[in-house]
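The file start05.pdb comes next; it holds PDB, C-alpha atoms and all ligand atoms.
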ATOM      1  CA  MET U   1    -117.631-104.738-153.205
ATOM      2  CA  LYS U   2    -116.469-101.119-152.936
ATOM      3  CA  ILE U   3    -117.809-100.965-149.410
ATOM      4  CA  LEU U   4    -115.887-104.111-148.413
ATOM      5  CA  LEU U   5    -112.656-102.632-149.840
ATOM      6  CA  LEU U   6    -113.281 -99.369-147.985
ATOM      7  CA  LEU U   7    -113.954-101.280-144.756
ATOM      8  CA  LEU U   8    -110.732-103.302-145.155
ATOM      9  CA  THR U   9    -108.760-100.109-145.802
ATOM     10  CA  ILE U  10    -110.208 -98.477-142.693
ATOM     11  CA  LEU U  11    -109.491-101.579-140.599
ATOM     12  CA  PHE U  12    -105.927-101.688-141.920
ATOM     13  CA  ALA U  13    -105.459 -97.993-141.114
ATOM     14  CA  VAL U  14    -106.805 -98.491-137.585
ATOM     15  CA  TRP U  15    -104.545-101.521-137.098
ATOM     16  CA  LEU U  16    -101.508 -99.533-138.277
ATOM     17  CA  TRP U  17    -102.400 -96.606-136.006
ATOM     18  CA  ARG U  18    -102.858 -98.854-132.980
ATOM     19  CA  ARG U  19     -99.598-100.689-133.662
ATOM     20  CA  ASN U  20     -97.677 -97.414-133.911
ATOM     21  CA  ARG U  21     -99.310 -96.134-130.745
ATOM     22  CA  LEU U  22     -98.448 -99.352-128.857
ATOM     23  CA  ASN U  23     -94.850 -99.162-130.088
ATOM     24  CA  ALA U  24     -94.612 -95.547-128.966
ATOM     25  CA  LEU U  25     -96.081 -96.451-125.565
ATOM     26  CA  ASN U  26     -93.656 -99.346-125.162
ATOM     27  CA  ASP U  27     -90.727 -97.147-126.143
ATOM     28  CA  ARG U  28     -91.774 -94.491-123.652
ATOM     29  CA  LYS U  29     -92.301 -97.132-120.956
ATOM     30  CA  SER U  30     -88.907 -98.756-121.485
ATOM     31  CA  LYS U  31     -87.218 -95.360-121.617
ATOM     32  CA  SER U  32     -88.936 -94.203-118.426
ATOM     33  CA  THR U  33     -88.108 -97.441-116.616
ATOM     34  CA  GLN U  34     -84.512 -97.092-117.734
ATOM     35  CA  THR U  35     -84.287 -93.528-116.465
ATOM     36  CA  ASP U  36     -86.211 -94.449-113.299
ATOM     37  CA  SER U  37     -83.956 -97.374-112.530
ATOM     38  CA  SER U  38     -80.821 -95.362-113.219
ATOM     39  CA  ALA U  39     -82.156 -92.494-111.100
ATOM     40  CA  ASN U  40     -83.217 -94.802-108.261
ATOM     41  CA  ASN U  41     -80.186 -97.061-108.279
ATOM     42  CA  PRO U  42     -78.089 -95.101-105.766
ATOM     43  CA  ALA U  43     -81.052 -94.714-103.390
ATOM     44  CA  SER U  44     -82.488 -98.210-103.771
ATOM     45  CA  GLU U  45     -79.150 -99.913-103.362
ATOM     46  CA  PRO U  46     -78.913-101.268 -99.812
ATOM     47  CA  SER U  47     -76.114 -99.702 -97.831
ATOM     48  CA  PRO U  48     -74.002-102.025 -95.704
ATOM     49  CA  MET U  49     -75.014-102.199 -92.035
ATOM     50  CA  GLN U  50     -72.698-102.540 -89.076
ATOM     51  CA  ALA U  51     -73.199-102.840 -85.333
ATOM     52  CA  CYS U  52     -72.020-100.117 -82.983
ATOM     53  CA  SER U  53     -69.028-101.398 -81.003
ATOM     54  CA  HIS U  54     -70.417 -99.720 -77.857
ATOM     55  CA  CYS U  55     -74.179-100.354 -77.795
ATOM     56  CA  GLY U  56     -74.673-102.866 -80.607
ATOM     57  CA  VAL U  57     -77.194-100.817 -82.594
ATOM     58  CA  HIS U  58     -77.074-101.620 -86.311
ATOM     59  CA  MET U  59     -76.700 -98.628 -88.622
ATOM     60  CA  PRO U  60     -75.668 -97.888 -92.201
ATOM     61  CA  THR U  61     -71.892 -97.779 -92.254
ATOM     62  CA  ALA U  62     -71.903 -94.417 -94.046
ATOM     63  CA  ASP U  63     -73.643 -92.781 -91.036
ATOM     64  CA  MET U  64     -71.331 -94.244 -88.405
ATOM     65  CA  VAL U  65     -68.295 -92.767 -86.647
ATOM     66  CA  GLN U  66     -64.998 -94.574 -87.084
ATOM     67  CA  GLY U  67     -63.167 -94.772 -83.775
ATOM     68  CA  GLN U  68     -59.735 -96.121 -82.902
ATOM     69  CA  ARG U  69     -61.078 -99.453 -81.637
ATOM     70  CA  GLY U  70     -64.172 -99.895 -83.752
ATOM     71  CA  ILE U  71     -67.069 -98.212 -85.446
ATOM     72  CA  TYR U  72     -69.773 -96.418 -83.432
ATOM     73  CA  CYS U  73     -73.331 -95.192 -83.952
ATOM     74  CA  SER U  74     -72.508 -91.700 -82.687
ATOM     75  CA  LEU U  75     -69.619 -89.535 -81.585
ATOM     76  CA  ALA U  76     -70.865 -89.855 -77.994
ATOM     77  CA  HIS U  77     -70.515 -93.637 -78.063
ATOM     78  CA  CYS U  78     -67.127 -93.320 -79.740
ATOM     79  CA  GLN U  79     -65.937 -91.083 -76.904
ATOM     80  CA  ALA U  80     -67.639 -93.200 -74.235
ATOM     81  CA  ALA U  81     -65.929 -96.320 -75.519
ATOM     82  CA  ALA U  82     -62.578 -94.534 -75.610
ATOM     83  CA  ASP U  83     -63.108 -93.208 -72.032
ATOM     84  CA  ASN U  84     -64.082 -96.654 -70.697
ATOM     85  CA  ARG U  85     -61.141 -98.452 -72.172
ATOM     86  CA  VAL U  86     -58.357 -95.994 -71.385
TER      87      VAL U  86
HETATM   88 ZN    ZN J   1     -73.842 -96.958 -80.028
END
Could you rewrite the structure in this file as structure tokens?
Amino acid sequence: MKILLLLLTILFAVWLWRRNRLNALNDRKSKSTQTDSSANNPASEPSPMQACSHCGVHMPTADMVQGQRGIYCSLAHCQAAADNRV
């Protein structure tokens, strides 16, 4: 009977230890995913695309050159479009 009690105590201790370890792992996982998602949000967010008014190439709007008559993929196309239309 003593052995059975000892065995139950050991099993209970192991169960408690495993539960605490799983909780700690889950906490770490959720924390890391939170920090990962917050760190990756600016990069993973799709930037809006627009077509160059001169050649039609699609590019992220942030990388494009704003001209007087449209938005262009490069300064060269911005100037070429301005030269053609003047
Ligand atoms: Zn272009």
| Separation of CA of Arg21 (chain U) and CA of Lys2 (chain U), in Å? |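 That distance, rounded to one decimal, is 28.5 Å.
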Check which residues fall inside 8 Å of ligand ZN 1 (chain J) when counting all atoms listed in the file, and print them as a PDB file with C-alpha atoms, in the frame of the given file.
ATOM      1  CA  ALA U  51     -73.199-102.840 -85.333  1.00  0.00           C
ATOM      2  CA  CYS U  52     -72.020-100.117 -82.983  1.00  0.00           C
ATOM      3  CA  SER U  53     -69.028-101.398 -81.003  1.00  0.00           C
ATOM      4  CA  HIS U  54     -70.417 -99.720 -77.857  1.00  0.00           C
ATOM      5  CA  CYS U  55     -74.179-100.354 -77.795  1.00  0.00           C
ATOM      6  CA  GLY U  56     -74.673-102.866 -80.607  1.00  0.00           C
ATOM      7  CA  VAL U  57     -77.194-100.817 -82.594  1.00  0.00           C
ATOM      8  CA  TYR U  72     -69.773 -96.418 -83.432  1.00  0.00           C
ATOM      9  CA  CYS U  73     -73.331 -95.192 -83.952  1.00  0.00           C
ATOM     10  CA  SER U  74     -72.508 -91.700 -82.687  1.00  0.00           C
ATOM     11  CA  ALA U  76     -70.865 -89.855 -77.994  1.00  0.00           C
ATOM     12  CA  HIS U  77     -70.515 -93.637 -78.063  1.00  0.00           C
ATOM     13  CA  CYS U  78     -67.127 -93.320 -79.740  1.00  0.00           C
TER      14      CYS U  78
END
| request: For CA of Thr61 (chain U) and CA of Gln79 (chain U), quote the distance in Å rounded to one decimal. | output: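 Straight-line distance from CA of Thr61 (chain U) to CA of Gln79 (chain U) works out to 17.8 Å.
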| request: Would you mind reading off the distance between CA of Lys29 (chain U) and CA of Ile10 (chain U), one decimal, in Å? | output: 28.2 Å
